[in-house]
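Listing of upload_25.cif, mmCIF, C-alpha atoms
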data_target
#
loop_
_atom_site.label_atom_id
_atom_site.label_comp_id
_atom_site.auth_asym_id
_atom_site.auth_seq_id
_atom_site.Cartn_x
_atom_site.Cartn_y
_atom_site.Cartn_z
CA MET A 1 0.00 0.00 0.00
CA ALA A 2 1.34 3.41 -0.97
CA TYR A 3 0.89 6.27 1.47
CA ASN A 4 0.08 9.84 0.55
CA VAL A 5 2.19 12.25 2.57
CA LEU A 6 1.97 15.97 3.27
CA VAL A 7 5.15 17.80 4.34
CA VAL A 8 4.64 21.31 5.75
CA ASP A 9 7.72 23.45 6.39
CA ASP A 10 8.67 26.97 5.36
CA SER A 11 12.15 25.74 4.47
CA ALA A 12 12.25 24.12 1.04
CA VAL A 13 15.57 22.53 2.02
CA MET A 14 14.02 20.90 5.07
CA ARG A 15 11.01 19.70 3.06
CA GLY A 16 13.48 18.13 0.66
CA MET A 17 15.32 16.45 3.53
CA ILE A 18 12.12 15.04 4.99
CA VAL A 19 10.98 13.70 1.62
CA LYS A 20 14.40 12.15 1.07
CA ALA A 21 14.35 10.57 4.52
CA LEU A 22 10.88 9.17 3.80
CA SER A 23 12.11 7.67 0.54
CA LEU A 24 15.06 6.09 2.36
CA CYS A 25 13.05 4.67 5.23
CA GLY A 26 11.31 2.01 3.19
CA LEU A 27 7.86 3.59 3.20
CA GLU A 28 6.02 3.06 -0.06
CA LEU A 29 5.15 6.58 -1.08
CA GLY A 30 2.15 7.58 -3.12
CA GLU A 31 1.61 11.28 -3.66
CA VAL A 32 3.98 13.59 -1.77
CA TYR A 33 2.45 17.02 -1.24
CA GLN A 34 4.42 19.97 0.07
CA ALA A 35 3.31 23.21 1.68
CA GLY A 36 5.20 26.25 2.98
CA ASN A 37 2.98 27.01 5.98
CA GLY A 38 -0.01 25.73 7.91
CA LYS A 39 -2.57 27.52 5.77
CA GLU A 40 -1.16 26.03 2.59
CA GLY A 41 -1.14 22.66 4.35
CA LEU A 42 -4.83 22.95 5.15
CA ASP A 43 -5.51 23.85 1.52
CA VAL A 44 -3.82 20.60 0.47
CA LEU A 45 -5.88 18.63 3.00
CA ASP A 46 -9.06 20.22 1.58
CA ARG A 47 -8.24 18.93 -1.87
CA HIS A 48 -6.43 15.61 -1.34
CA TRP A 49 -6.57 12.49 0.78
CA VAL A 50 -3.43 12.31 2.92
CA ASP A 51 -2.37 9.40 5.16
CA ILE A 52 0.11 11.29 7.35
CA VAL A 53 1.24 14.88 7.86
CA PHE A 54 4.77 15.99 8.79
CA ALA A 55 4.90 19.61 9.93
CA ASP A 56 7.25 22.17 11.40
CA ILE A 57 6.15 24.43 14.25
CA HIS A 58 7.67 27.79 13.37
CA MET A 59 6.22 28.96 10.08
CA PRO A 60 4.88 32.25 8.79
CA VAL A 61 1.17 32.90 8.07
CA MET A 62 -0.01 29.89 10.11
CA ASN A 63 2.31 27.96 12.40
CA GLY A 64 2.27 24.23 13.05
CA GLU A 65 0.36 24.41 16.32
CA GLU A 66 -2.41 26.50 14.73
CA MET A 67 -2.60 24.04 11.87
CA VAL A 68 -2.88 21.12 14.32
CA GLN A 69 -5.71 22.88 16.20
CA ASN A 70 -7.52 23.55 12.94
CA ILE A 71 -7.17 19.93 11.78
CA GLN A 72 -8.43 18.59 15.09
CA THR A 73 -11.62 20.66 14.95
CA ARG A 74 -12.58 19.35 11.53
CA PRO A 75 -14.28 15.93 11.56
CA ASP A 76 -13.33 15.20 7.95
CA ILE A 77 -9.58 15.33 8.65
CA SER A 78 -9.26 15.15 12.45
CA ASP A 79 -8.03 11.53 12.38
CA VAL A 80 -5.13 12.18 9.99
CA PRO A 81 -1.94 11.36 11.95
CA ILE A 82 0.35 14.34 12.48
CA VAL A 83 4.08 14.27 13.18
CA ILE A 84 5.77 17.50 14.22
CA ILE A 85 9.42 17.83 13.17
CA SER A 86 11.06 20.76 14.89
CA SER A 87 14.30 22.01 16.39
CA ASP A 88 12.34 23.44 19.32
CA LYS A 89 13.20 21.35 22.37
CA SER A 90 10.77 22.92 24.82
CA GLN A 91 9.54 19.96 26.88
CA ALA A 92 6.35 21.83 27.79
CA ARG A 93 5.53 22.26 24.14
CA ILE A 94 6.40 18.64 23.33
CA ASP A 95 4.25 17.40 26.22
CA ALA A 96 1.32 19.58 25.15
CA LEU A 97 1.46 18.23 21.60
CA GLU A 98 1.88 14.61 22.68
CA LYS A 99 -1.17 14.96 24.93
CA GLN A 100 -3.09 15.71 21.75
CA GLY A 101 -1.78 12.53 20.16
CA ILE A 102 0.80 14.32 18.04
CA ARG A 103 4.16 12.63 17.54
CA TYR A 104 7.28 14.78 17.87
CA ILE A 105 10.66 14.41 16.19
CA CYS A 106 13.55 16.73 17.01
CA LYS A 107 15.86 17.99 14.27
CA PRO A 108 18.33 16.81 13.17
CA PHE A 109 16.67 13.47 12.48
CA THR A 110 17.74 10.31 10.73
CA PRO A 111 15.74 8.21 8.26
CA GLU A 112 15.66 5.55 11.00
CA THR A 113 13.85 7.93 13.34
CA ILE A 114 11.30 8.76 10.66
CA ARG A 115 10.87 5.06 9.89
CA LYS A 116 10.24 4.21 13.56
CA VAL A 117 7.63 6.93 13.96
CA VAL A 118 5.91 6.06 10.67
CA ARG A 119 5.76 2.40 11.66
CA GLU A 120 4.31 3.21 15.06
CA THR A 121 1.85 5.68 13.60
CA LEU A 122 0.68 3.88 10.46
CA GLY A 123 1.70 0.33 11.23
CA ALA A 124 3.56 0.45 7.90
CA MET B 1 30.98 30.31 32.56
CA THR B 2 32.27 31.17 29.09
CA ARG B 3 34.30 27.97 28.97
CA LYS B 4 31.23 25.89 29.84
CA LEU B 5 29.21 27.72 27.17
CA GLU B 6 31.92 27.08 24.61
CA GLU B 7 31.91 23.39 25.49
CA ILE B 8 28.14 23.31 24.91
CA LEU B 9 28.54 25.12 21.58
CA THR B 10 31.34 22.83 20.43
CA ALA B 11 29.59 19.59 21.34
CA THR B 12 26.30 20.72 19.80
CA ALA B 13 27.90 22.13 16.67
CA GLU B 14 29.85 18.93 16.00
CA SER B 15 26.75 16.81 16.49
CA VAL B 16 24.52 19.01 14.32
CA PHE B 17 27.06 19.38 11.52
CA GLU B 18 27.53 15.63 11.42
CA GLY B 19 23.83 14.78 11.70
CA LEU B 20 22.38 17.49 9.46
CA THR B 21 25.09 18.27 6.93
CA PHE B 22 27.15 15.05 7.03
CA LEU B 23 30.31 17.13 7.45
CA PHE B 24 32.97 16.18 9.97
CA ALA B 25 35.23 18.82 11.45
CA LEU B 26 38.99 18.54 11.11
CA ALA B 27 41.18 18.36 14.18
CA PRO B 28 42.52 21.87 14.99
CA GLU B 29 46.05 20.89 13.97
CA GLU B 30 44.74 19.90 10.52
CA ALA B 31 42.98 23.23 9.95
CA VAL B 32 44.02 25.21 6.90
CA ALA B 33 43.43 28.95 6.61
CA ASN B 34 40.52 29.72 4.30
CA HIS B 35 39.90 33.25 3.15
CA SER B 36 36.55 32.71 1.47
CA PRO B 37 34.01 35.35 2.60
CA MET B 38 31.75 34.31 5.46
CA VAL B 39 27.96 34.37 5.36
CA THR B 40 25.84 34.31 8.49
CA ALA B 41 22.40 33.28 9.68
CA GLY B 42 20.96 33.39 13.17
CA VAL B 43 17.95 32.46 15.21
CA ARG B 44 16.76 34.57 18.14
CA TYR B 45 15.48 32.93 21.30
CA GLU B 46 13.10 34.49 23.80
CA GLY B 47 12.05 33.40 27.26
CA GLU B 48 13.57 33.77 30.69
CA CYS B 49 16.72 34.65 28.79
CA ASN B 50 16.91 36.31 25.36
CA GLY B 51 19.59 36.31 22.71
CA MET B 52 20.65 34.70 19.47
CA VAL B 53 22.43 31.62 18.17
CA ALA B 54 24.25 32.43 14.94
CA VAL B 55 26.37 30.47 12.53
CA ALA B 56 28.83 31.96 10.04
CA VAL B 57 30.31 29.75 7.34
CA SER B 58 32.69 30.21 4.43
CA GLU B 59 30.84 30.63 1.15
CA ASN B 60 32.71 27.61 -0.21
CA LEU B 61 31.53 25.54 2.70
CA LEU B 62 27.93 26.72 2.40
CA ALA B 63 27.61 25.14 -1.03
CA SER B 64 28.73 21.79 0.43
CA ILE B 65 26.32 22.17 3.33
CA ALA B 66 23.36 22.88 1.04
CA ALA B 67 24.32 20.08 -1.34
CA ASN B 68 24.59 17.55 1.47
CA MET B 69 21.32 18.61 3.08
CA LEU B 70 19.52 18.29 -0.26
CA GLY B 71 21.32 15.13 -1.36
CA GLU B 72 22.49 17.04 -4.43
CA GLU B 73 25.75 15.82 -5.93
CA ASN B 74 26.43 18.78 -8.18
CA ILE B 75 26.90 21.99 -6.20
CA ASN B 76 26.75 24.01 -9.41
CA THR B 77 23.03 23.34 -9.74
CA LEU B 78 22.25 24.92 -6.37
CA THR B 79 20.54 28.29 -6.29
CA GLN B 80 21.50 31.11 -3.96
CA GLU B 81 18.06 30.79 -2.39
CA GLN B 82 18.69 27.11 -1.59
CA CYS B 83 22.04 27.97 -0.01
CA GLN B 84 20.52 30.73 2.12
CA ASP B 85 17.65 28.44 3.11
CA ALA B 86 20.13 25.72 4.11
CA LEU B 87 22.11 28.14 6.29
CA LYS B 88 18.96 29.43 7.99
CA GLU B 89 17.87 25.86 8.69
CA LEU B 90 21.32 25.04 10.05
CA ALA B 91 21.05 28.02 12.45
CA ASN B 92 17.58 26.85 13.44
CA VAL B 93 18.70 23.29 14.16
CA LEU B 94 21.72 24.52 16.11
CA GLY B 95 19.50 26.84 18.14
CA GLY B 96 17.23 24.12 19.54
CA PRO B 97 19.76 22.02 21.47
CA ILE B 98 21.90 25.02 22.44
CA VAL B 99 19.09 26.94 24.13
CA ALA B 100 17.83 23.70 25.69
CA ALA B 101 21.28 23.09 27.18
CA LEU B 102 21.47 26.68 28.40
CA ALA B 103 18.07 26.44 30.06
CA GLY B 104 18.88 23.21 31.87
CA SER B 105 15.93 22.40 34.10
CA ARG B 106 14.36 25.83 33.54
CA HIS B 107 11.76 26.66 30.90
CA VAL B 108 13.34 26.40 27.44
CA PRO B 109 13.19 29.69 25.49
CA ARG B 110 11.20 29.82 22.25
CA LEU B 111 13.04 30.05 18.96
CA LEU B 112 11.98 32.72 16.49
CA PRO B 113 12.23 32.20 12.72
CA PRO B 114 15.83 32.18 11.48
CA HIS B 115 17.29 35.25 9.77
CA TYR B 116 19.87 35.43 7.00
CA PHE B 117 22.47 38.17 7.52
CA ASN B 118 24.44 37.61 4.33
CA HIS B 119 27.96 39.02 4.83
CA ALA B 120 27.00 41.18 7.80
CA ALA B 121 27.75 40.02 11.32
CA PRO B 122 24.94 39.85 13.87
CA PRO B 123 24.89 42.91 16.14
CA GLY B 124 26.87 42.74 19.36
CA VAL B 125 29.71 40.70 20.71
CA PRO B 126 29.18 36.97 21.18
CA THR B 127 29.10 35.73 24.75
CA ALA B 128 30.72 32.51 23.58
CA GLU B 129 31.77 31.03 20.25
CA THR B 130 33.37 27.98 18.74
CA LYS B 131 35.21 27.55 15.46
CA MET B 132 35.19 24.47 13.31
CA PHE B 133 37.39 23.76 10.31
CA PHE B 134 36.51 21.61 7.33
CA ASP B 135 38.24 20.61 4.10
CA ASN B 136 36.83 23.54 2.17
CA GLY B 137 36.08 26.19 4.74
CA GLN B 138 35.30 27.04 8.31
CA ALA B 139 32.30 27.64 10.51
CA HIS B 140 31.82 29.82 13.58
CA VAL B 141 28.96 29.09 15.92
CA MET B 142 28.18 32.03 18.18
CA LEU B 143 25.99 32.53 21.20
CA PHE B 144 24.70 36.01 21.96
CA MET B 145 23.04 36.68 25.29
CA ASP B 146 21.19 39.91 25.90
CA GLU B 147 22.04 42.14 28.87
CA GLY B 148 20.72 40.64 32.09
CA CYS B 149 21.12 37.06 30.91
CA ARG B 150 24.86 36.67 31.30
#
As structure tokens, the full file:
Amino acid sequence: MAYNVLVVDDSAVMRGMIVKALSLCGLELGEVYQAGNGKEGLDVLDRHWVDIVFADIHMPVMNGEEMVQNIQTRPDISDVPIVIISSDKSQARIDALEKQGIRYICKPFTPETIRKVVRETLGA
Amino acid sequence: MTRKLEEILTATAESVFEGLTFLFALAPEEAVANHSPMVTAGVRYEGECNGMVAVAVSENLLASIAANMLGEENINTLTQEQCQDALKELANVLGGPIVAALAGSRHVPRLLPPHYFNHAAPPGVPTAETKMFFDNGQAHVMLFMDEGCR
């Protein structure tokens, strides 16, 4: 089964790294959508079925936490798994996100870390 | 205090350069002078203590950093925008563990979006810094702490 993935990060370089890590971690990828901020990410979710979302926290226009809140209030997409990938190591922030069922990966990450989280999240 | 800060910067910088850019620093005795212009990016942090983590790298080295981060074999295909983006992301990824180490058991400051300074240096004098040397350039990782935080 191929998985559709959405990667949301204002850094095109980081989006490229995440996509590359996903391709290296053995996950069979379907469509890979990219967005530069939370609002653009929501636009993608409005138009396409996505199996998992990887998102940064600090982004212009709409940050990752605002995007998460928006997703969780919408019944049509509230069950899409979300993984936050950030360099922010605030334990309070990590705890708050994990209480909402959001997985958290700290940068820099390895393909193995992505693989472990994807497996645990999707059972892939 | 400064020595401890420099140890934090050095350990974090080595780990992040290896993990994010796949570049390994030379031993100091192997360092070769490099006169390529330096470009800088930084990320401000705000919380109980405010300041900035900045990284300056040789232009030659920046191309290698961007290429490695993107998995691009030919550095000539990289755009200036990609190189700037890579340096900002490097500053961002350095900022996370450095401010977490500074905070210790206290509340970790928030990172603001990274800023590209081009050839200009960030304002002020760094509280601590570390220098790393690579085959094709050097990198300086600097910690700035605002008044009242030192």
Got a sec to resolve the PyMOL selection byres ((chain B and resi 68-71) around 8) on this structure and send the residues as an mmCIF file with C-alpha atoms, in the frame of the given file?
data_model
loop_
_atom_site.group_PDB
_atom_site.id
_atom_site.type_symbol
_atom_site.label_atom_id
_atom_site.label_comp_id
_atom_site.auth_asym_id
_atom_site.auth_seq_id
_atom_site.Cartn_x
_atom_site.Cartn_y
_atom_site.Cartn_z
ATOM 1 C CA VAL A 13 15.570 22.530 2.020
ATOM 2 C CA MET A 14 14.020 20.900 5.070
ATOM 3 C CA GLY A 16 13.480 18.130 0.660
ATOM 4 C CA MET A 17 15.320 16.450 3.530
ATOM 5 C CA LYS A 20 14.400 12.150 1.070
ATOM 6 C CA LEU B 20 22.380 17.490 9.460
ATOM 7 C CA THR B 21 25.090 18.270 6.930
ATOM 8 C CA PHE B 22 27.150 15.050 7.030
ATOM 9 C CA SER B 64 28.730 21.790 0.430
ATOM 10 C CA ILE B 65 26.320 22.170 3.330
ATOM 11 C CA ALA B 66 23.360 22.880 1.040
ATOM 12 C CA ALA B 67 24.320 20.080 -1.340
ATOM 13 C CA GLU B 72 22.490 17.040 -4.430
ATOM 14 C CA GLU B 73 25.750 15.820 -5.930
ATOM 15 C CA ALA B 86 20.130 25.720 4.110
#
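With CA of Cys25 in chain A on one side and CA of Val117 in chain A on the other, the separation reads 10.5 Å.
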Nearest to chain B: which of A:Arg47, A:Arg93, A:Lys116, A:Lys107 is it, counting all atoms listed in the file? A:Lys107
Check: which chain A residues lie within 9 Å of chain B using only C-alpha atoms, as a list in words: Ser11, Ala12, Val13, Met14, Gly16, Met17, Lys20, His58, Met59, Pro60, Ser86, Ser87, Asp88, Lys89, Ser90, Gln91, Ala92, Cys106, Lys107, Pro108, Phe109 and Thr110 of chain A
Length of the CA of Ser58 in chain B to CA of Asp10 in chain A vector [Å]: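 One can read the CA of Ser58 in chain B to CA of Asp10 in chain A distance as 24.3 Å.
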Nearest residue to Ile82 in chain A from the set A:Glu66, A:Asp95, A:Asp51, A:Glu112 (distances using all atoms listed in the file):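 Among the listed residues, A:Asp51 lies closest to Ile82 in chain A.
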Box in all listed atoms of range 54-58 of chain B, axis-aligned, with 8 Å more on each side; write out centre and edge lengths in Å to one decimal as AutoDock Vina command-line options.
--center_x 28.5 --center_y 31.1 --center_z 9.7 --size_x 24.4 --size_y 18.7 --size_z 26.5
So what does the PyMOL selection byres ((chain B and resi 27) around 9) actually pick up in this one, as a PDB file with C-alpha atoms, keeping the file's coordinate frame?
ATOM      1  CA  ALA B  25      35.230  18.820  11.450  1.00  0.00           C
ATOM      2  CA  LEU B  26      38.990  18.540  11.110  1.00  0.00           C
ATOM      3  CA  PRO B  28      42.520  21.870  14.990  1.00  0.00           C
ATOM      4  CA  GLU B  29      46.050  20.890  13.970  1.00  0.00           C
ATOM      5  CA  GLU B  30      44.740  19.900  10.520  1.00  0.00           C
ATOM      6  CA  ALA B  31      42.980  23.230   9.950  1.00  0.00           C
ATOM      7  CA  MET B 132      35.190  24.470  13.310  1.00  0.00           C
ATOM      8  CA  PHE B 133      37.390  23.760  10.310  1.00  0.00           C
ATOM      9  CA  PHE B 134      36.510  21.610   7.330  1.00  0.00           C
TER      10      PHE B 134
END
Would you list the contacts of Asp76 in chain A as a PyMOL selection string, taking every protein, DNA or RNA residue within 12 Å and counting only C-alpha atoms, but skipping same-chain residues closer than 2 positions in sequence? chain A and resi 42+45-50+70-74+78-80
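Distance annotation: of B:Asp135, B:Ser36, B:Glu129, B:Leu102, the residue with the minimal separation from Glu48 in chain B is B:Leu102; atom set is all atoms listed in the file.
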Expressed in Å to a single decimal, how great is the separation between CA of Pro75 in chain A and CA of Ile105 in chain A? 25.4 Å
Given the PyMOL selection byres ((chain B and resi 38) around 7) and the file above, list the residues it selects as a ChimeraX atom specification. /B:36-37,39-40,56-59,119
At a cut-off of 12 Å from (0.5, 22.9, 14.5) in the coordinates of the file, what residues are picked up using all atoms listed in the file, written as a PyMOL selection string? chain A and resi 8-9+37-39+41-42+53-72+82-86+93-94+96-98+100+102-104
Restricting it to C-alpha atoms, dump the selection as a tab-separated table (two decimals), in the frame of the given file.
chain	number	residue	atom	x	y	z
A	8	VAL	CA	4.64	21.31	5.75
A	9	ASP	CA	7.72	23.45	6.39
A	37	ASN	CA	2.98	27.01	5.98
A	38	GLY	CA	-0.01	25.73	7.91
A	39	LYS	CA	-2.57	27.52	5.77
A	41	GLY	CA	-1.14	22.66	4.35
A	42	LEU	CA	-4.83	22.95	5.15
A	53	VAL	CA	1.24	14.88	7.86
A	54	PHE	CA	4.77	15.99	8.79
A	55	ALA	CA	4.90	19.61	9.93
A	56	ASP	CA	7.25	22.17	11.40
A	57	ILE	CA	6.15	24.43	14.25
A	58	HIS	CA	7.67	27.79	13.37
A	59	MET	CA	6.22	28.96	10.08
A	60	PRO	CA	4.88	32.25	8.79
A	61	VAL	CA	1.17	32.90	8.07
A	62	MET	CA	-0.01	29.89	10.11
A	63	ASN	CA	2.31	27.96	12.40
A	64	GLY	CA	2.27	24.23	13.05
A	65	GLU	CA	0.36	24.41	16.32
A	66	GLU	CA	-2.41	26.50	14.73
A	67	MET	CA	-2.60	24.04	11.87
A	68	VAL	CA	-2.88	21.12	14.32
A	69	GLN	CA	-5.71	22.88	16.20
A	70	ASN	CA	-7.52	23.55	12.94
A	71	ILE	CA	-7.17	19.93	11.78
A	72	GLN	CA	-8.43	18.59	15.09
A	82	ILE	CA	0.35	14.34	12.48
A	83	VAL	CA	4.08	14.27	13.18
A	84	ILE	CA	5.77	17.50	14.22
A	85	ILE	CA	9.42	17.83	13.17
A	86	SER	CA	11.06	20.76	14.89
A	93	ARG	CA	5.53	22.26	24.14
A	94	ILE	CA	6.40	18.64	23.33
A	96	ALA	CA	1.32	19.58	25.15
A	97	LEU	CA	1.46	18.23	21.60
A	98	GLU	CA	1.88	14.61	22.68
A	100	GLN	CA	-3.09	15.71	21.75
A	102	ILE	CA	0.80	14.32	18.04
A	103	ARG	CA	4.16	12.63	17.54
A	104	TYR	CA	7.28	14.78	17.87
Within 12 Å of (26.6, 41.5, 13.8) (file coordinates; all atoms listed in the file), which protein or nucleic acid residues are there? I'd like them as a PDB file with C-alpha atoms, in the coordinates of the input.
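point-v4.pdb was written with the following content:
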ATOM      1  CA  VAL B  39      27.960  34.370   5.360  1.00  0.00           C
ATOM      2  CA  THR B  40      25.840  34.310   8.490  1.00  0.00           C
ATOM      3  CA  ALA B  41      22.400  33.280   9.680  1.00  0.00           C
ATOM      4  CA  GLY B  42      20.960  33.390  13.170  1.00  0.00           C
ATOM      5  CA  MET B  52      20.650  34.700  19.470  1.00  0.00           C
ATOM      6  CA  VAL B  53      22.430  31.620  18.170  1.00  0.00           C
ATOM      7  CA  ALA B  54      24.250  32.430  14.940  1.00  0.00           C
ATOM      8  CA  VAL B  55      26.370  30.470  12.530  1.00  0.00           C
ATOM      9  CA  ALA B  56      28.830  31.960  10.040  1.00  0.00           C
ATOM     10  CA  HIS B 115      17.290  35.250   9.770  1.00  0.00           C
ATOM     11  CA  TYR B 116      19.870  35.430   7.000  1.00  0.00           C
ATOM     12  CA  PHE B 117      22.470  38.170   7.520  1.00  0.00           C
ATOM     13  CA  ASN B 118      24.440  37.610   4.330  1.00  0.00           C
ATOM     14  CA  HIS B 119      27.960  39.020   4.830  1.00  0.00           C
ATOM     15  CA  ALA B 120      27.000  41.180   7.800  1.00  0.00           C
ATOM     16  CA  ALA B 121      27.750  40.020  11.320  1.00  0.00           C
ATOM     17  CA  PRO B 122      24.940  39.850  13.870  1.00  0.00           C
ATOM     18  CA  PRO B 123      24.890  42.910  16.140  1.00  0.00           C
ATOM     19  CA  GLY B 124      26.870  42.740  19.360  1.00  0.00           C
ATOM     20  CA  VAL B 125      29.710  40.700  20.710  1.00  0.00           C
ATOM     21  CA  PRO B 126      29.180  36.970  21.180  1.00  0.00           C
ATOM     22  CA  MET B 142      28.180  32.030  18.180  1.00  0.00           C
ATOM     23  CA  LEU B 143      25.990  32.530  21.200  1.00  0.00           C
ATOM     24  CA  PHE B 144      24.700  36.010  21.960  1.00  0.00           C
TER      25      PHE B 144
END
Which residue out of A:Arg15, A:Ala21, A:Ile77, A:Ala2 has the minimum interatomic distance to Arg115 in chain A when all atoms listed in the file are used?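 Smallest separation from Arg115 in chain A among the options: A:Ala21.
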